[in-house]
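Trainee: Structure supplied as start.tsv; contents: TSV, C-alpha atoms.
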```tsv
chain	number	residue	atom	x	y	z
A	1	MET	CA	-21.80	24.12	53.73
A	2	ASN	CA	-24.54	26.71	53.95
A	3	THR	CA	-26.41	27.22	57.22
A	4	ALA	CA	-29.81	28.82	57.83
A	5	ALA	CA	-30.87	29.80	61.32
A	6	ALA	CA	-34.32	28.32	60.76
A	7	ALA	CA	-36.19	26.76	57.87
A	8	THR	CA	-38.92	29.13	56.70
A	9	ALA	CA	-40.02	27.29	53.55
A	10	ASP	CA	-43.75	26.79	53.29
A	11	CYS	CA	-45.30	23.48	52.36
A	12	ASP	CA	-46.23	24.43	48.83
A	13	SER	CA	-45.38	21.59	46.47
A	14	PRO	CA	-43.78	21.88	43.03
A	15	PRO	CA	-46.38	22.25	40.27
A	16	PRO	CA	-47.43	19.27	38.17
A	17	PHE	CA	-45.26	18.57	35.14
A	18	SER	CA	-45.26	16.10	32.26
A	19	ALA	CA	-41.87	16.70	30.59
A	20	GLY	CA	-43.00	14.85	27.47
A	21	TYR	CA	-43.18	11.58	29.40
A	22	PRO	CA	-44.83	8.58	27.63
A	23	PHE	CA	-47.68	8.06	30.11
A	24	ALA	CA	-49.85	4.99	29.86
A	25	THR	CA	-53.24	5.67	28.34
A	26	SER	CA	-54.92	3.12	30.62
A	27	VAL	CA	-54.11	1.47	33.95
A	28	ALA	CA	-55.66	-1.86	34.90
A	29	THR	CA	-57.68	-2.16	38.09
A	30	GLY	CA	-55.56	-3.79	40.78
A	31	ASP	CA	-56.17	-6.32	43.51
A	32	ASN	CA	-56.49	-4.23	46.66
A	33	ARG	CA	-57.78	-6.89	49.04
A	34	THR	CA	-54.63	-6.66	51.20
A	35	SER	CA	-54.37	-2.86	50.88
A	36	ARG	CA	-56.19	0.12	52.33
A	37	VAL	CA	-57.92	2.25	49.70
A	38	ILE	CA	-58.11	5.95	50.60
A	39	ARG	CA	-59.76	8.75	48.67
A	40	PRO	CA	-57.96	12.04	49.23
A	41	GLU	CA	-59.22	15.01	47.26
A	42	ALA	CA	-56.96	17.59	45.65
A	43	THR	CA	-59.03	20.27	47.36
A	44	GLU	CA	-58.44	18.89	50.87
A	45	PRO	CA	-56.32	20.79	53.41
A	46	GLN	CA	-52.63	20.53	52.62
A	47	MET	CA	-49.72	19.70	54.92
A	48	GLN	CA	-48.62	22.63	57.07
A	49	CYS	CA	-45.19	24.00	57.94
A	50	GLY	CA	-43.97	26.51	60.50
A	51	ALA	CA	-44.74	24.59	63.68
A	52	ARG	CA	-41.10	24.19	64.74
A	53	ASP	CA	-37.82	25.97	64.07
A	54	LEU	CA	-35.33	23.97	62.03
A	55	THR	CA	-31.71	24.29	61.05
A	56	LEU	CA	-31.01	23.61	57.36
A	57	ARG	CA	-27.50	22.72	56.25
A	58	THR	CA	-26.82	22.12	52.58
A	59	ASP	CA	-24.18	20.60	50.31
A	60	ILE	CA	-22.54	18.33	52.85
A	61	THR	CA	-20.28	15.81	51.11
A	62	TYR	CA	-20.99	12.31	52.38
A	63	ALA	CA	-18.91	10.28	49.90
A	64	THR	CA	-16.56	10.59	46.94
A	65	VAL	CA	-17.27	7.95	44.31
A	66	GLU	CA	-16.48	7.06	40.72
A	67	GLY	CA	-18.68	8.95	38.28
A	68	ALA	CA	-18.98	9.08	34.51
A	69	GLY	CA	-15.77	8.27	32.66
A	70	GLY	CA	-14.17	7.08	35.88
A	71	GLN	CA	-13.89	10.61	37.20
A	72	PRO	CA	-14.30	11.25	40.94
A	73	ARG	CA	-17.62	12.68	41.98
A	74	GLU	CA	-18.64	14.11	45.33
A	75	LEU	CA	-22.06	13.03	46.56
A	76	LYS	CA	-23.80	15.56	48.79
A	77	LEU	CA	-26.77	15.82	51.09
A	78	ASP	CA	-28.91	18.52	52.68
A	79	ILE	CA	-30.00	18.04	56.27
A	80	GLN	CA	-32.72	19.61	58.43
A	81	THR	CA	-32.64	19.28	62.19
A	82	PRO	CA	-35.08	20.47	64.86
A	83	ARG	CA	-33.61	23.27	66.98
A	84	THR	CA	-35.02	21.85	70.19
A	85	GLY	CA	-31.83	20.00	71.04
A	86	GLY	CA	-31.37	16.38	71.92
A	87	ARG	CA	-31.32	13.49	69.48
A	88	HIS	CA	-34.04	12.74	66.97
A	89	PRO	CA	-34.86	9.81	64.66
A	90	LEU	CA	-33.41	10.13	61.18
A	91	VAL	CA	-35.35	10.05	57.90
A	92	VAL	CA	-33.16	9.66	54.80
A	93	TYR	CA	-35.07	11.05	51.83
A	94	VAL	CA	-34.21	9.46	48.47
A	95	PRO	CA	-35.54	11.59	45.60
A	96	GLY	CA	-36.96	10.21	42.38
A	97	GLY	CA	-35.85	11.01	38.86
A	98	GLY	CA	-36.31	7.97	36.64
A	99	PHE	CA	-32.78	6.69	37.39
A	100	ILE	CA	-31.55	9.66	35.34
A	101	ARG	CA	-31.43	12.42	37.93
A	102	ALA	CA	-31.40	12.65	41.73
A	103	ASP	CA	-32.08	16.20	42.86
A	104	LYS	CA	-31.57	16.48	46.61
A	105	THR	CA	-33.31	19.86	46.64
A	106	SER	CA	-36.63	18.28	45.61
A	107	PHE	CA	-39.74	18.70	47.76
A	108	LEU	CA	-38.25	20.91	50.46
A	109	GLY	CA	-41.74	21.67	51.75
A	110	LYS	CA	-42.53	17.98	52.28
A	111	ARG	CA	-39.20	17.37	53.99
A	112	THR	CA	-39.75	20.41	56.18
A	113	HIS	CA	-43.16	19.12	57.23
A	114	ILE	CA	-41.64	15.79	58.30
A	115	ALA	CA	-38.71	17.43	60.11
A	116	GLU	CA	-41.12	19.62	62.06
A	117	GLN	CA	-42.70	16.49	63.50
A	118	GLY	CA	-39.43	15.86	65.35
A	119	TYR	CA	-37.14	14.18	62.83
A	120	VAL	CA	-33.75	14.87	61.35
A	121	VAL	CA	-34.33	14.72	57.59
A	122	ALA	CA	-31.44	14.25	55.15
A	123	SER	CA	-32.06	14.48	51.40
A	124	ILE	CA	-29.34	12.83	49.35
A	125	GLU	CA	-27.82	12.66	45.91
A	126	TYR	CA	-26.99	9.26	44.42
A	127	ARG	CA	-25.53	8.01	41.16
A	128	THR	CA	-27.77	7.50	38.14
A	129	THR	CA	-27.40	6.45	34.50
A	130	LEU	CA	-25.84	9.85	33.76
A	131	ASP	CA	-22.95	8.69	35.94
A	132	GLU	CA	-22.84	5.38	33.99
A	133	ALA	CA	-24.02	3.79	37.23
A	134	THR	CA	-26.23	0.79	37.97
A	135	TYR	CA	-28.62	-0.01	40.79
A	136	VAL	CA	-25.72	-1.53	42.76
A	137	ASP	CA	-24.07	1.89	42.82
A	138	GLY	CA	-27.33	3.63	43.73
A	139	VAL	CA	-28.04	1.29	46.63
A	140	ALA	CA	-24.42	1.58	47.76
A	141	ASP	CA	-24.72	5.37	47.73
A	142	VAL	CA	-27.84	5.41	49.92
A	143	LYS	CA	-26.16	3.03	52.35
A	144	ALA	CA	-23.01	5.17	52.36
A	145	ALA	CA	-25.13	8.19	53.30
A	146	ILE	CA	-26.73	6.26	56.16
A	147	ARG	CA	-23.33	5.18	57.49
A	148	PHE	CA	-22.00	8.74	57.18
A	149	LEU	CA	-24.96	10.12	59.11
A	150	ARG	CA	-24.59	7.51	61.84
A	151	ALA	CA	-20.89	8.34	62.08
A	152	HIS	CA	-21.84	12.02	62.56
A	153	ALA	CA	-24.85	11.39	64.78
A	154	THR	CA	-23.61	13.62	67.58
A	155	GLU	CA	-22.92	16.52	65.21
A	156	PHE	CA	-26.39	16.36	63.65
A	157	GLY	CA	-28.39	15.36	66.72
A	158	ILE	CA	-29.38	11.95	65.31
A	159	ASP	CA	-30.72	9.02	67.30
A	160	SER	CA	-28.84	6.44	65.25
A	161	ARG	CA	-30.95	3.60	66.65
A	162	ASN	CA	-33.90	4.83	64.59
A	163	VAL	CA	-33.29	5.42	60.88
A	164	ALA	CA	-35.93	5.33	58.14
A	165	ALA	CA	-35.48	5.37	54.37
A	166	TYR	CA	-38.18	7.32	52.51
A	167	GLY	CA	-38.17	7.38	48.71
A	168	GLU	CA	-40.42	8.31	45.81
A	169	SER	CA	-40.50	6.57	42.43
A	170	ALA	CA	-36.87	5.64	41.64
A	171	GLY	CA	-36.09	6.71	45.19
A	172	GLY	CA	-38.82	4.41	46.49
A	173	TYR	CA	-37.18	1.53	44.65
A	174	LEU	CA	-33.79	2.34	46.19
A	175	ALA	CA	-35.30	2.79	49.67
A	176	SER	CA	-36.91	-0.65	49.30
A	177	MET	CA	-33.61	-2.18	48.21
A	178	VAL	CA	-31.91	-0.67	51.25
A	179	GLY	CA	-34.67	-2.04	53.45
A	180	THR	CA	-34.26	-5.63	52.28
A	181	THR	CA	-30.47	-5.79	51.86
A	182	GLY	CA	-29.36	-5.22	55.43
A	183	GLY	CA	-26.11	-7.11	55.83
A	184	VAL	CA	-25.62	-7.82	52.11
A	185	GLN	CA	-21.95	-6.93	51.89
A	186	ALA	CA	-21.90	-6.29	48.13
A	187	PHE	CA	-23.94	-3.13	48.65
A	188	ASP	CA	-21.82	-1.73	51.50
A	189	GLN	CA	-19.02	0.17	49.79
A	190	GLY	CA	-16.94	3.21	50.70
A	191	GLY	CA	-16.29	4.83	54.03
A	192	ASN	CA	-17.55	4.44	57.59
A	193	LEU	CA	-17.84	0.67	57.21
A	194	ASP	CA	-17.72	0.32	60.98
A	195	GLU	CA	-21.23	1.84	61.00
A	196	SER	CA	-24.37	-0.05	60.00
A	197	SER	CA	-26.43	0.78	56.91
A	198	ARG	CA	-29.50	-1.04	58.20
A	199	VAL	CA	-32.72	0.93	58.48
A	200	GLN	CA	-35.56	0.44	60.91
A	201	ALA	CA	-38.41	1.53	58.60
A	202	VAL	CA	-39.11	2.06	54.89
A	203	VAL	CA	-41.58	4.47	53.29
A	204	ASN	CA	-42.06	3.54	49.63
A	205	TRP	CA	-43.99	5.98	47.45
A	206	PHE	CA	-44.84	4.33	44.11
A	207	GLY	CA	-41.46	2.64	43.72
A	208	ALA	CA	-40.76	-0.24	41.34
A	209	SER	CA	-39.75	-3.74	42.41
A	210	ASP	CA	-39.58	-6.07	39.36
A	211	LEU	CA	-38.05	-3.74	36.77
A	212	SER	CA	-38.98	-6.05	33.89
A	213	ARG	CA	-42.69	-5.70	34.74
A	214	ILE	CA	-42.87	-1.99	35.42
A	215	ALA	CA	-45.52	-1.54	32.70
A	216	SER	CA	-47.50	-4.71	33.33
A	217	ASP	CA	-50.71	-2.82	34.26
A	218	PHE	CA	-50.63	-0.56	31.20
A	219	ASP	CA	-52.23	-0.50	27.77
A	220	PRO	CA	-50.60	-2.76	25.14
A	221	ALA	CA	-48.75	0.04	23.36
A	222	THR	CA	-47.12	1.39	26.53
A	223	ARG	CA	-46.33	-2.11	27.75
A	224	ALA	CA	-44.66	-2.94	24.43
A	225	PHE	CA	-42.68	0.31	24.57
A	226	TYR	CA	-41.08	-0.75	27.84
A	227	GLU	CA	-40.79	-4.47	27.26
A	228	ASN	CA	-39.12	-4.16	23.85
A	229	SER	CA	-36.66	-1.43	24.79
A	230	VAL	CA	-32.97	-2.33	24.89
A	231	ASP	CA	-31.56	1.06	25.86
A	232	ASN	CA	-33.91	2.90	28.19
A	233	ALA	CA	-32.92	4.04	31.68
A	234	LEU	CA	-34.26	0.84	33.28
A	235	VAL	CA	-32.07	-1.35	31.09
A	236	LYS	CA	-29.03	0.82	31.75
A	237	TYR	CA	-29.61	0.89	35.52
A	238	VAL	CA	-29.80	-2.89	35.66
A	239	LEU	CA	-27.19	-3.90	33.07
A	240	GLY	CA	-24.96	-0.87	32.68
A	241	PRO	CA	-24.49	1.59	29.80
A	242	ASP	CA	-23.11	-0.83	27.21
A	243	ASN	CA	-25.35	-3.89	27.34
A	244	PRO	CA	-28.40	-3.31	25.08
A	245	THR	CA	-30.72	-6.15	26.06
A	246	ARG	CA	-34.41	-6.53	26.82
A	247	LEU	CA	-34.91	-6.97	30.55
A	248	LEU	CA	-37.35	-9.80	29.86
A	249	ASP	CA	-34.41	-11.73	28.39
A	250	VAL	CA	-32.20	-11.50	31.51
A	251	PRO	CA	-34.33	-12.82	34.39
A	252	ASP	CA	-31.36	-13.51	36.67
A	253	ALA	CA	-30.10	-9.95	36.39
A	254	VAL	CA	-33.61	-8.60	36.97
A	255	ALA	CA	-34.01	-10.82	40.04
A	256	ALA	CA	-30.73	-9.52	41.45
A	257	ALA	CA	-32.12	-5.97	41.10
A	258	ASN	CA	-35.42	-6.82	42.82
A	259	PRO	CA	-35.80	-5.96	46.53
A	260	ALA	CA	-38.05	-9.01	46.95
A	261	THR	CA	-35.06	-11.27	46.25
A	262	TYR	CA	-33.38	-10.30	49.51
A	263	ILE	CA	-36.31	-10.35	51.94
A	264	ASP	CA	-35.98	-12.15	55.24
A	265	ARG	CA	-37.88	-11.96	58.50
A	266	ARG	CA	-35.42	-9.48	60.04
A	267	ASP	CA	-36.31	-6.76	57.56
A	268	PRO	CA	-37.91	-3.58	58.95
A	269	PRO	CA	-41.56	-2.54	58.63
A	270	PHE	CA	-42.60	-1.12	55.24
A	271	VAL	CA	-45.39	1.21	54.24
A	272	HIS	CA	-46.23	1.63	50.54
A	273	PHE	CA	-48.32	4.24	48.73
A	274	HIS	CA	-49.54	4.02	45.13
A	275	GLY	CA	-52.14	5.81	43.02
A	276	THR	CA	-54.69	3.90	40.97
A	277	ARG	CA	-54.05	6.17	37.97
A	278	ASP	CA	-50.26	5.99	38.03
A	279	GLY	CA	-49.29	5.90	34.35
A	280	VAL	CA	-45.54	5.79	35.02
A	281	ILE	CA	-45.02	2.81	37.36
A	282	SER	CA	-47.68	0.11	37.45
A	283	PRO	CA	-49.51	0.02	40.80
A	284	SER	CA	-48.91	-3.73	40.94
A	285	GLN	CA	-45.22	-3.03	41.53
A	286	THR	CA	-45.79	-2.04	45.16
A	287	LEU	CA	-48.34	-4.83	45.50
A	288	LEU	CA	-45.78	-7.46	44.45
A	289	LEU	CA	-43.33	-6.25	47.08
A	290	HIS	CA	-46.06	-5.88	49.70
A	291	HIS	CA	-47.11	-9.50	49.23
A	292	ALA	CA	-43.52	-10.76	49.15
A	293	LEU	CA	-42.73	-9.03	52.44
A	294	ARG	CA	-45.82	-10.41	54.13
A	295	ALA	CA	-45.07	-13.91	52.87
A	296	LYS	CA	-41.74	-13.77	54.75
A	297	GLY	CA	-43.31	-12.43	57.94
A	298	VAL	CA	-42.27	-8.79	57.49
A	299	THR	CA	-44.70	-6.07	58.56
A	300	SER	CA	-46.01	-4.34	55.44
A	301	THR	CA	-48.89	-1.91	54.93
A	302	ARG	CA	-50.05	-0.62	51.55
A	303	PHE	CA	-52.23	2.43	50.89
A	304	VAL	CA	-53.89	2.88	47.52
A	305	LEU	CA	-54.88	6.43	46.58
A	306	LYS	CA	-58.03	6.36	44.49
A	307	ASN	CA	-57.59	8.31	41.22
A	308	ALA	CA	-54.11	9.59	42.14
A	309	GLY	CA	-51.30	9.64	39.59
A	310	HIS	CA	-47.53	9.45	39.89
A	311	GLY	CA	-47.00	12.24	42.40
A	312	ASN	CA	-46.64	15.50	40.51
A	313	LEU	CA	-45.42	13.76	37.32
A	314	VAL	CA	-48.76	13.59	35.52
A	315	PRO	CA	-50.14	14.27	32.01
A	316	ASP	CA	-50.91	17.86	31.11
A	317	GLY	CA	-54.21	19.00	32.54
A	318	VAL	CA	-54.37	16.34	35.29
A	319	THR	CA	-54.99	17.95	38.68
A	320	THR	CA	-54.32	15.06	41.06
A	321	ALA	CA	-50.86	16.12	42.30
A	322	PRO	CA	-52.15	17.85	45.49
A	323	MET	CA	-53.66	14.54	46.64
A	324	TRP	CA	-50.17	13.47	47.65
A	325	THR	CA	-49.54	16.42	49.95
A	326	THR	CA	-52.85	16.50	51.78
A	327	SER	CA	-52.83	16.44	55.56
A	328	GLN	CA	-54.53	13.04	55.29
A	329	VAL	CA	-51.75	11.40	53.26
A	330	MET	CA	-48.85	13.07	55.00
A	331	GLY	CA	-50.46	12.21	58.32
A	332	LEU	CA	-50.27	8.54	57.35
A	333	VAL	CA	-46.55	8.95	56.60
A	334	THR	CA	-45.72	10.70	59.86
A	335	GLY	CA	-48.05	8.39	61.76
A	336	PHE	CA	-46.08	5.40	60.49
A	337	LEU	CA	-42.78	7.08	61.34
A	338	GLY	CA	-44.06	7.92	64.81
A	339	SER	CA	-45.38	4.44	65.54
A	340	SER	CA	-43.74	2.40	68.26
A	341	GLY	CA	-43.31	-0.43	65.77
A	342	TRP	CA	-40.10	0.81	64.21
A	343	GLN	CA	-38.76	3.09	66.91
A	344	ALA	CA	-38.79	0.16	69.34
A	345	TRP	CA	-36.70	-1.91	66.90
A	346	SER	CA	-33.94	-3.67	68.80
A	347	ALA	CA	-30.53	-2.05	68.63
A	348	SER	CA	-29.01	-5.50	68.13
A	349	ASP	CA	-30.78	-5.68	64.77
A	350	PHE	CA	-28.61	-3.01	63.19
A	351	VAL	CA	-25.27	-2.77	64.96
A	352	ALA	CA	-22.50	-3.67	62.55
A	353	GLY	CA	-21.31	-6.64	64.53
A	354	SER	CA	-24.66	-8.43	64.36
A	355	GLU	CA	-24.72	-8.60	60.57
A	356	ALA	CA	-22.18	-11.37	60.14
A	357	ASP	CA	-24.86	-14.05	60.12
A	358	ARG	CA	-26.57	-12.51	57.09
A	359	SER	CA	-24.13	-13.30	54.33
A	360	ARG	CA	-26.34	-13.07	51.28
A	361	ARG	CA	-24.65	-11.83	48.13
A	362	VAL	CA	-25.73	-10.24	44.87
A	363	SER	CA	-25.88	-12.76	42.04
A	364	GLY	CA	-26.83	-12.74	38.40
```
If you took the structure in this file and wrote it as structure tokens, what would it be?
Mentor:
Amino acid sequence: MNTAAAATADCDSPPPFSAGYPFATSVATGDNRTSRVIRPEATEPQMQCGARDLTLRTDITYATVEGAGGQPRELKLDIQTPRTGGRHPLVVYVPGGGFIRADKTSFLGKRTHIAEQGYVVASIEYRTTLDEATYVDGVADVKAAIRFLRAHATEFGIDSRNVAAYGESAGGYLASMVGTTGGVQAFDQGGNLDESSRVQAVVNWFGASDLSRIASDFDPATRAFYENSVDNALVKYVLGPDNPTRLLDVPDAVAAANPATYIDRRDPPFVHFHGTRDGVISPSQTLLLHHALRAKGVTSTRFVLKNAGHGNLVPDGVTTAPMWTTSQVMGLVTGFLGSSGWQAWSASDFVAGSEADRSRRVSG
């Protein structure tokens, strides 16, 4: 464990990158009638850091799990806490990485900005396809981190009644799965099982929901690339490393990996963000989940960023990445986290003993 007396990182964001990614060449116009369209500009003022002293602790092991080849692997997290004392709501940050990587050091500036608003922020590792893992393992890892943090609430100054999951891209998908699977025992694995893994809010930045339709808004060539693949990271994260099959041919397995499958009225409030020019995950993915949540009576808000891409993963020469870190957009995130809607969530909704009546299981 490394300890810093105070976080001094500025809010500069990582530069845009493309990494040879097969971006869609066109993205269909979506149905935004139930969403709020916002128009941030890359030249707008950016989020600011330095308003509050923080303590940053890194490389804290929260679980030991089975990794590639059956070998044990330690999963770690980094945690930032305000130095003002007392207990603070917890935000568990789930990084993206295409189900291939999960770098807990990502976006320190963004996490710092949120922590300075009065939150404990924990950024976590989780298992990916490089660990020969599936989505069940990834969801279980996020839940294990939440239980660990609740078990150590006094040590880290956490108000364990108020826990939010915040993820981007693959992390947004996992955060959404955590949000809708409260009480689903198949996803609660490992230690601290006397603690709850329920969350009281979900922030979903351009995460997928129906993994078989992730390219449904894209040009025919890109759509065919995804739909006909039998061995990409999506296939492996749903079916495992040794089951080369098109996701369109296994609807039951895809449904079991869809957060919409598990929705019920007790799920926490969600807020979704998606860019209209996202060439990595179709904007309709957050719309599908947004509509499914609302249909079951769950509070859900969706913001659509006009002309924004997939965070800082954008084609070479595209300059939209700073839209995501403007004061306007980050203010919507912290405004949601600071709303009374989720912080007033009843404690009886997440204590471990109250989950017995929700006995849904993973199928397919």
Trainee: Between CA of Asp242 in chain A and CA of Gly98 in chain A, what is the distance, to one decimal in Å?
Mentor: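 Taking CA of Asp242 in chain A and CA of Gly98 in chain A, their separation equals 18.5 Å.
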Trainee: If I put a ball of radius 12 Å at (-16.9, 9.1, 40.7) in the file's coordinates, which residues poke into it when counting all atoms listed in the file, written as a PyMOL selection string?
Mentor: chain A and resi 63-75+126-128+130-133+137+141+190
Trainee: For Arg83 in chain A, please output as a PyMOL selection string all residues within 10 Å (counting only C-alpha atoms; exclusion window: fewer than 3 positions along the same chain).
Mentor: chain A and resi 5-6+52-56+80+86+116+118+157
Trainee: With C-alpha atoms retained, could you export that selection as a PDB file, in the frame of the given file?
Mentor:
```pdb
ATOM      1  CA  ALA A   5     -30.870  29.800  61.320  1.00  0.00           C
ATOM      2  CA  ALA A   6     -34.320  28.320  60.760  1.00  0.00           C
ATOM      3  CA  ARG A  52     -41.100  24.190  64.740  1.00  0.00           C
ATOM      4  CA  ASP A  53     -37.820  25.970  64.070  1.00  0.00           C
ATOM      5  CA  LEU A  54     -35.330  23.970  62.030  1.00  0.00           C
ATOM      6  CA  THR A  55     -31.710  24.290  61.050  1.00  0.00           C
ATOM      7  CA  LEU A  56     -31.010  23.610  57.360  1.00  0.00           C
ATOM      8  CA  GLN A  80     -32.720  19.610  58.430  1.00  0.00           C
ATOM      9  CA  GLY A  86     -31.370  16.380  71.920  1.00  0.00           C
ATOM     10  CA  GLU A 116     -41.120  19.620  62.060  1.00  0.00           C
ATOM     11  CA  GLY A 118     -39.430  15.860  65.350  1.00  0.00           C
ATOM     12  CA  GLY A 157     -28.390  15.360  66.720  1.00  0.00           C
TER      13      GLY A 157
END
```
Trainee: Taking into account only C-alpha atoms, which residue in the set A:His290, A:Arg277, A:Arg150, A:Arg213 is nearest to Arg246 in chain A?
Mentor: A:Arg213
Trainee: For the atom pair CA of Ala257 in chain A and CA of Leu234 in chain A, what is the interatomic distance in Å to one decimal place?
Mentor: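 We find that CA of Ala257 in chain A and CA of Leu234 in chain A lie 10.6 Å from each other.
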Trainee: For Ile146 in chain A, please output as a list in words all residues within 8 Å (counting all atoms listed in the file; exclusion window: fewer than 3 positions along the same chain).
Mentor: Val92, Val142, Lys143, Leu149, Arg150, Ser196 and Ser197 of chain A
Trainee: Rounded to one decimal in Å, what is the spacing between CA of Phe225 in chain A and CA of Asp252 in chain A?
Mentor: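 Between CA of Phe225 in chain A and CA of Asp252 in chain A the gap works out to 21.6 Å.
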Trainee: Smallest atom-to-atom distance to Phe303 in chain A: which of A:Pro16, A:Pro40, A:Gly191, A:Gly179, using all atoms listed in the file?
Mentor: A:Pro40
Trainee: For range 26-37 of chain A, find every residue with an atom within 7 Å (counting all atoms listed in the file), except residues of its own chain fewer than 4 positions away, and show them as JSON, numbers by chain.
Mentor: {"A": [217, 218, 219, 277, 279, 284, 301, 302, 303, 304, 305, 306]}
Trainee: With all atoms of range 108-118 of chain A from the file as input, state the centre and edge lengths in Å to one decimal of the axis-aligned box that has 5 Å extra on each side, as lines of an AutoDock Vina configuration file.
Mentor:
```
center_x = -40.7
center_y = 18.7
center_z = 57.9
size_x = 14.9
size_y = 15.9
size_z = 24.9
```
Trainee: Identify the residues within 8 Å of coordinate (-31.7, -4.0, 34.9) (same frame as the file), considering all atoms listed in the file, and give the answer as a PyMOL selection string.
Mentor: chain A and resi 134-135+211-212+234-240+247+253-254+257
Trainee: With distances taken over only C-alpha atoms, which residue among A:Thr245, A:Ser216, A:Ser300, A:Ser327 lies nearest Pro268 in chain A?
Mentor: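 When distances to Pro268 in chain A are compared using only C-alpha atoms, the smallest one comes from A:Ser300.
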Trainee: Between A:Ser339, A:Thr325, A:Asn204, A:Asn307, which has the minimum distance to His272 in chain A (counting only C-alpha atoms)?
Mentor: A:Asn204
Trainee: Contacts of Pro269 in chain A at 7 Å or less, counting all atoms listed in the file, minus same-chain residues fewer than 2 places along, as a compact mmCIF listing (two decimals) with C-alpha atoms, in the coordinates of the input?
Mentor:
```txt
# COMPACT_ATOMS: atom_id res chain seq x y z
CA ALA A 201 -38.41 1.53 58.60
CA VAL A 202 -39.11 2.06 54.89
CA ASP A 267 -36.31 -6.76 57.56
CA VAL A 271 -45.39 1.21 54.24
CA VAL A 298 -42.27 -8.79 57.49
CA THR A 299 -44.70 -6.07 58.56
CA SER A 300 -46.01 -4.34 55.44
CA TRP A 342 -40.10 0.81 64.21
```
Trainee: Hey, which of A:Ala165, A:Ala115, A:Ala19, A:Ala42 ends up closest to Thr320 in chain A? Count only C-alpha atoms.
Mentor: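 For Thr320 in chain A, the nearest of the candidates is A:Ala42.
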Trainee: Can you work out which one of A:Ile114, A:Val91, A:Leu248, A:Ala145 has the shortest atom-to-atom distance to Met47 in chain A, counting only C-alpha atoms?
Mentor: A:Ile114
Trainee: I want to know what sits within 9 Å of Leu77 in chain A, based on all atoms listed in the file, with residues of the same chain fewer than 4 positions away left out; could you give that as a PDB file with C-alpha atoms, in the frame of the given file?
Mentor:
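Wrote it out as out-v7.pdb, contents follow:
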```pdb
ATOM      1  CA  ARG A  57     -27.500  22.720  56.250  1.00  0.00           C
ATOM      2  CA  THR A  58     -26.820  22.120  52.580  1.00  0.00           C
ATOM      3  CA  ASP A  59     -24.180  20.600  50.310  1.00  0.00           C
ATOM      4  CA  ILE A  60     -22.540  18.330  52.850  1.00  0.00           C
ATOM      5  CA  THR A  61     -20.280  15.810  51.110  1.00  0.00           C
ATOM      6  CA  TYR A  62     -20.990  12.310  52.380  1.00  0.00           C
ATOM      7  CA  LYS A 104     -31.570  16.480  46.610  1.00  0.00           C
ATOM      8  CA  THR A 105     -33.310  19.860  46.640  1.00  0.00           C
ATOM      9  CA  ALA A 122     -31.440  14.250  55.150  1.00  0.00           C
ATOM     10  CA  SER A 123     -32.060  14.480  51.400  1.00  0.00           C
ATOM     11  CA  ILE A 124     -29.340  12.830  49.350  1.00  0.00           C
ATOM     12  CA  GLU A 125     -27.820  12.660  45.910  1.00  0.00           C
ATOM     13  CA  ALA A 145     -25.130   8.190  53.300  1.00  0.00           C
TER      14      ALA A 145
END
```
